[in-house]
Amino acid sequence: QVKLTESGGAMVQGGDSLRLSCAASGRTFATAAMGWFRQAPDKEREFVAAITWTSRNTYYKEAVKGRFTISGDNDRNTVYLQMNSLRPEDTAVYYCAATNLHYRIGSYYQTSRTYSYWGQGTQVTVSS
């Protein structure tokens, strides 16, 4: 089992920056990739960003490219999501996820079905 604990969510104004963190514990040695998803009120959970743990390939939702950066720290088993130029439409609960599945096709890491482990979520609210 892998336990994921997110932190860093807050209420900010448009244009501000935030960094989310997700610490993994437990059987983390088999982690293939970690990702961030978000869910706004009355909307389905959507992919935001993902990173493969060994090759460090990164993938982003089109709407956050150039504003968000995902990174990982192997020593700390932690993944980060640096969010700049935040917009009100970024308001959501952000979830960290992890998978032990290895894929060559990056699009597989952009779907929630790939991930077996999920954090409890952290709220990000962006006011205009």
# chains A, B, ... in the order shown; residues from 1 in each chain; ligands from 1
>>> closest_atom_pairs(of="stretch 66-111 of chain A", to="stretch 45-59 of chain A", cutoff="8 Å", atoms="only C-alpha atoms", output="tab-separated table")
residue	atom	partner	partner_atom	distance
A:Thr69	CA	A:Ala49	CA	8.0
A:Ile70	CA	A:Ala49	CA	6.5
A:Ser71	CA	A:Ile51	CA	7.0
A:Gly72	CA	A:Trp53	CA	7.4
A:Asn74	CA	A:Trp53	CA	7.7
A:Gly106	CA	A:Tyr59	CA	7.2
A:Tyr109	CA	A:Ala50	CA	6.6
A:Gln110	CA	A:Phe47	CA	5.7
A:Thr111	CA	A:Phe47	CA	6.5
>>> write_last_selection(atoms="C-alpha atoms", output="PDB file, in the first residue's frame")
ATOM      1  CA  THR A  69       5.177  22.659 -13.285  1.00  0.00           C
ATOM      2  CA  ILE A  70       5.269  19.166 -11.823  1.00  0.00           C
ATOM      3  CA  SER A  71       8.461  17.880 -10.244  1.00  0.00           C
ATOM      4  CA  GLY A  72       9.550  15.044  -8.009  1.00  0.00           C
ATOM      5  CA  ASN A  74      13.014  10.699  -5.090  1.00  0.00           C
ATOM      6  CA  GLY A 106       2.252   9.048 -22.024  1.00  0.00           C
ATOM      7  CA  TYR A 109      -0.825   8.632 -17.337  1.00  0.00           C
ATOM      8  CA  GLN A 110      -3.465  11.257 -18.065  1.00  0.00           C
ATOM      9  CA  THR A 111      -6.411   9.129 -17.040  1.00  0.00           C
TER      10      THR A 111
END
>>> closest_atom_pairs(of="stretch 81-109 of chain A", to="stretch 1-4 of chain A", cutoff="9 Å", atoms="only C-alpha atoms", output="Markdown table")
| residue | atom | partner | partner_atom | distance |
| --- | --- | --- | --- | --- |
| A:Cys96 | CA | A:Leu4 | CA | 6.9 |
| A:Ala97 | CA | A:Leu4 | CA | 7.3 |
| A:Ala98 | CA | A:Val2 | CA | 8.1 |
>>> select_by_dssp(residues="chain A", states="strand (DSSP E or B)", output="ChimeraX atom specification")
/A:2-7,11-13,18-26,33-39,46-52,58-60,68-73,78-83,92-99,117-118,122-127
>>> atom_distance(atom1="atom CA of A:Ile105", atom2="atom CA of A:Val64")
20.4 Å
>>> residues_around(residues="stretch 15-24 of chain A", least_positions_apart="5", cutoff="10 Å", atoms="only C-alpha atoms", output="PDB file with C-alpha atoms, in the first residue's frame")
ATOM      1  CA  VAL A   2       1.003   3.563  -0.644  1.00  0.00           C
ATOM      2  CA  LYS A   3      -0.276   6.469   1.391  1.00  0.00           C
ATOM      3  CA  LEU A   4      -0.353   9.928  -0.183  1.00  0.00           C
ATOM      4  CA  THR A   5      -0.640  13.129   1.810  1.00  0.00           C
ATOM      5  CA  GLU A   6      -1.187  16.443   0.032  1.00  0.00           C
ATOM      6  CA  SER A   7      -0.539  19.890   1.436  1.00  0.00           C
ATOM      7  CA  GLY A   8      -0.241  23.464   0.254  1.00  0.00           C
ATOM      8  CA  GLY A   9      -3.780  24.304  -0.754  1.00  0.00           C
ATOM      9  CA  ALA A  10      -4.970  27.799   0.075  1.00  0.00           C
ATOM     10  CA  THR A  31       6.060   3.765  -8.009  1.00  0.00           C
ATOM     11  CA  MET A  34       2.622  10.264  -9.891  1.00  0.00           C
ATOM     12  CA  GLY A  35       0.027  12.708 -10.996  1.00  0.00           C
ATOM     13  CA  TRP A  36      -2.200  15.570  -9.977  1.00  0.00           C
ATOM     14  CA  ARG A  67       1.721  27.999 -15.784  1.00  0.00           C
ATOM     15  CA  PHE A  68       2.062  24.752 -13.800  1.00  0.00           C
ATOM     16  CA  THR A  69       5.177  22.659 -13.285  1.00  0.00           C
ATOM     17  CA  ILE A  70       5.269  19.166 -11.823  1.00  0.00           C
ATOM     18  CA  SER A  71       8.461  17.880 -10.244  1.00  0.00           C
ATOM     19  CA  GLY A  72       9.550  15.044  -8.009  1.00  0.00           C
ATOM     20  CA  ASP A  73      12.055  14.373  -5.257  1.00  0.00           C
ATOM     21  CA  ARG A  76      11.768  12.487  -0.110  1.00  0.00           C
ATOM     22  CA  ASN A  77       9.220  10.473  -2.115  1.00  0.00           C
ATOM     23  CA  THR A  78       7.459  13.736  -2.766  1.00  0.00           C
ATOM     24  CA  VAL A  79       5.885  15.243  -5.858  1.00  0.00           C
ATOM     25  CA  TYR A  80       5.251  18.947  -6.226  1.00  0.00           C
ATOM     26  CA  LEU A  81       2.942  21.044  -8.345  1.00  0.00           C
ATOM     27  CA  GLN A  82       4.110  24.620  -8.767  1.00  0.00           C
ATOM     28  CA  MET A  83       1.162  26.702  -9.903  1.00  0.00           C
ATOM     29  CA  ASN A  84       1.783  30.205 -11.234  1.00  0.00           C
ATOM     30  CA  SER A  85      -0.537  32.804 -12.708  1.00  0.00           C
ATOM     31  CA  LEU A  86      -3.509  31.172 -11.029  1.00  0.00           C
ATOM     32  CA  ARG A  87      -6.967  31.832 -12.438  1.00  0.00           C
ATOM     33  CA  PRO A  88     -10.420  31.523 -10.875  1.00  0.00           C
ATOM     34  CA  TYR A  94      -6.479  18.944  -6.028  1.00  0.00           C
ATOM     35  CA  TYR A  95      -5.707  15.249  -5.618  1.00  0.00           C
ATOM     36  CA  CYS A  96      -2.368  13.511  -5.769  1.00  0.00           C
ATOM     37  CA  ALA A  97      -2.247  10.031  -7.279  1.00  0.00           C
ATOM     38  CA  ALA A  98       0.326   7.277  -7.756  1.00  0.00           C
ATOM     39  CA  TYR A 117      -3.450   5.306  -4.888  1.00  0.00           C
ATOM     40  CA  TRP A 118      -5.027   8.637  -4.078  1.00  0.00           C
ATOM     41  CA  GLY A 119      -4.588  11.337  -1.479  1.00  0.00           C
ATOM     42  CA  GLY A 121      -7.211  16.218  -1.587  1.00  0.00           C
ATOM     43  CA  THR A 122      -6.303  19.813  -0.848  1.00  0.00           C
ATOM     44  CA  VAL A 124      -7.268  25.553  -3.936  1.00  0.00           C
ATOM     45  CA  VAL A 126      -8.611  31.439  -6.604  1.00  0.00           C
ATOM     46  CA  SER A 127     -10.586  34.661  -6.355  1.00  0.00           C
ATOM     47  CA  SER A 128     -10.860  37.182  -9.170  1.00  0.00           C
TER      48      SER A 128
END
>>> closest_residue(among="A:His102, A:Gly66, A:Gln120, A:Thr125", to="A:Ala33", atoms="only C-alpha atoms")
A:His102
>>> closest_residue(among="A:Ser116, A:Ser107, A:Ala30, A:Gln39", to="A:Asp90", atoms="only C-alpha atoms")
A:Gln39
>>> atom_distance(atom1="atom CA of A:Ala32", atom2="atom CA of A:Lys61")
19.4 Å
>>> atom_distance(atom1="atom CA of A:Lys65", atom2="atom CA of A:Thr99")
22.4 Å
>>> closest_residue(among="A:Arg113, A:Asn100, A:Asp75, A:Val93", to="A:Arg27", atoms="only C-alpha atoms")
A:Asn100
